[in-house]
Amino acid sequence: MTLKKFAVTFALGSMALLTAGATVSTAQSHVNSPDPLLGTPSVATETSNIDGITGHAESGKHLYRRFCIGCHGPDGNGQGMNAQWIDPKPRDFTEATFKCRSTPTGTLPTDEDLYNAITRGFVTTNMPSWRPLNPQQRADLVAFIKTWSPRWAKEKPGASLNIPPETAITIESILHGRELFQKLECWKCHGPEGHADGPSASTLTDSKGNPILPFNFSTGERFMCGDSNRDLYRIFMTGLDGSPMPSFADVIQPNDAWDLVHFLRTLQVALPNQELTLWQTYKAAHGKDLKPIGPDSAGGAQ
Ligand code: HEC
Ligand code: HEC
């Protein structure tokens with residue numbers, strides 16, 4: 001037998017093995033049917049709808065068992081075998097509390113929100129990007145994730161935040177955003193320069209009691225929940241549920257929110273951007289007139 005032929009024979013042999021494995025798993029036709037590796041989901045079955053694609057929990061179950069179980073666990077509660085080594089901890093799907101949502105705080109995310117989170121992954125954490133899986137597979141995973149919490153059978157996702165068109169990037173807009181950063185006390189956690197070193201930064205814990213740090217704007221890292229100006233707008237308007245990062249939708253007017261977006265970009269000193277360039281030019285001329293952000297500044301709470 002030539003080496004090449006051997007390789008082909010060997011490959012076919014392992015395919016046969018894989019196929020045998022697949023036959024065993026497809027024998028379970030419902031998500032809530034006994035599965036040797038998975039606990040019993042809370043909802044018998046679920047679908048998802050993402051941009052014309054319908055996801056099915058049954059197909060998602062097989063993908064979950066292969067790719068997600070090690071972190072999110074056989075019971076979907078975030079206690080997979082690898083969870084003990086990971087910080088922040090994998091999401092507990094039985095609570096249906098999610099960080100990256102277009103929907104109001106406390107409500108369920110849309111299918112698209114979950115799909116986007118799975119696609120994007122969570123930079124700076126162990127949650128990988130699942131872009132290598134095709135759109136149908138990612139939609140199937142969304143459907144399956146929803147079977148872990150009874151909330152999906154009882155509640156509807158909240159209404160997606162309406163984001164008005166972006167306003168012009170001007171120095172007035174940035175300066176107003178800076179006032180909001182002071183007044184709304186973003187600096188108490190994120191720090192006056194966005195270095196994650198505000199007075200509250202070291203005291204924060206997530207909803208599971210694990211220590212958590214605010215986002216550091218100066219390092220050049222991407223935001224977990226998307227990186228466009230629209231994503232940034234949505235992040236602080238809806239908040240990151242399960243983390244101390246609150247929702248500001250009730251206190252910030254829609255156009256004011258764009259001013260805050262423009263100011264936050266100036267804190268991203270490691271990522272060249274239009275807002276930063278404008279701000280640096282302004283600061284070179286007027287920097288000495290600017291009151292530093294922090295407890296002593298006018299507009300601060302106390
Ligand atoms: C190596 C570990 C790991 C693997 C494997 C993994 N995840 Fe995660 N996942 C995480 C961590 C950690 C978080 C929480 C990150 C955070 O809270 O900042 C997370 C969060 C999530 C979230 C929450 C999104 C939100 O907005 O809150 C979803 C959904 C998710 N993962 C889906 C999946 C799916 C689907 C798979 C398999 C295809 C998967 N994960 C595989 C570690 C993992
Ligand atoms: C009580 C503390 C606290 C306050 C106040 C706060 N944040 Fe946060 N913020 C956090 C924490 C903690 C995180 C990181 C959450 C995580 O890693 O899951 C965060 C994350 C963020 C992120 C990054 C989200 C991502 O997708 O990576 C942005 C942007 C942000 N905050 C903006 C703001 C703005 C703007 C304000 C004020 C209007 C504000 N924050 C006020 C604690 C706070």
# chains A, B, ... in the order shown; residues from 1 in each chain; ligands from 1
>>> closest_atom_pairs(of="chain A", to="ligand 1", cutoff="8 Å", atoms="only C-alpha atoms and all ligand atoms", output="CSV")
residue,atom,partner,partner_atom_place_in_ligand_line,distance
A:Leu63,CA,ligand 1,38 (C),6.6
A:Tyr64,CA,ligand 1,37 (C),5.5
A:Arg66,CA,ligand 1,37 (C),7.8
A:Phe67,CA,ligand 1,37 (C),4.6
A:Cys68,CA,ligand 1,37 (C),3.5
A:Ile69,CA,ligand 1,5 (C),6.9
A:Gly70,CA,ligand 1,5 (C),5.9
A:Cys71,CA,ligand 1,2 (C),4.4
A:His72,CA,ligand 1,7 (N),6.2
A:Asn82,CA,ligand 1,2 (C),6.9
A:Ala83,CA,ligand 1,2 (C),7.2
A:Ile86,CA,ligand 1,12 (C),6.4
A:Asp87,CA,ligand 1,12 (C),6.5
A:Pro88,CA,ligand 1,12 (C),5.3
A:Lys89,CA,ligand 1,12 (C),4.6
A:Pro90,CA,ligand 1,11 (C),3.5
A:Arg91,CA,ligand 1,20 (C),4.6
A:Phe93,CA,ligand 1,29 (C),7.8
A:Thr97,CA,ligand 1,27 (O),6.7
A:Phe98,CA,ligand 1,27 (O),3.5
A:Lys99,CA,ligand 1,27 (O),3.8
A:Cys100,CA,ligand 1,26 (O),3.8
A:Arg101,CA,ligand 1,26 (O),6.3
A:Asp113,CA,ligand 1,26 (O),7.1
A:Leu114,CA,ligand 1,29 (C),5.3
A:Tyr115,CA,ligand 1,29 (C),7.5
A:Ala117,CA,ligand 1,24 (C),5.3
A:Ile118,CA,ligand 1,32 (C),5.3
A:Gly121,CA,ligand 1,31 (N),7.4
A:Phe122,CA,ligand 1,15 (C),5.8
A:Thr124,CA,ligand 1,18 (O),7.8
A:Thr125,CA,ligand 1,12 (C),5.6
A:Asn126,CA,ligand 1,12 (C),4.8
A:Met127,CA,ligand 1,42 (C),3.6
A:Pro128,CA,ligand 1,6 (C),6.2
A:Trp130,CA,ligand 1,38 (C),6.2
A:Arg138,CA,ligand 1,35 (C),7.2
A:Leu141,CA,ligand 1,35 (C),5.4
A:Val142,CA,ligand 1,35 (C),6.7
A:Ile145,CA,ligand 1,35 (C),6.9
A:Met224,CA,ligand 1,18 (O),7.4
A:Cys225,CA,ligand 1,26 (O),7.3
A:Leu240,CA,ligand 1,27 (O),7.8
A:Asp241,CA,ligand 1,27 (O),7.7
>>> closest_atom_pairs(of="segment 215-292 of chain A", to="segment 157-168 of chain A", cutoff="9 Å", atoms="only C-alpha atoms", output="tab-separated table")
residue	atom	partner	partner_atom	distance
A:Asn229	CA	A:Glu166	CA	8.3
A:Arg230	CA	A:Ile163	CA	7.5
A:Tyr233	CA	A:Ile163	CA	7.8
A:Arg234	CA	A:Leu161	CA	7.3
A:Met237	CA	A:Leu161	CA	8.2
A:Thr238	CA	A:Leu161	CA	7.8
A:Ala249	CA	A:Leu161	CA	9.0
A:Pro254	CA	A:Pro164	CA	7.0
A:Asn255	CA	A:Thr167	CA	7.1
A:Trp258	CA	A:Glu166	CA	6.4
A:Asp259	CA	A:Thr167	CA	8.0
>>> residues_near_ligand(ligand="ligand 2", cutoff="6 Å", atoms="only C-alpha atoms and all ligand atoms", output="list in words")
Phe181, Leu184, Glu185, Cys186, Lys188, Cys189, Ile212, Leu213, Pro214, Phe215, Phe223, Met224, Cys225, Leu232, Ile235, Phe236, Ser243, Pro244 and Met245 of chain A
>>> atom_distance(atom1="atom CA of Gly39 of chain A", atom2="atom CA of Gly242 of chain A")
23.6 Å
>>> residues_around(residues="Val269 of chain A", least_positions_apart="6", cutoff="8 Å", atoms="only C-alpha atoms", output="VMD selection string")
chain A and resid 217 to 220 276
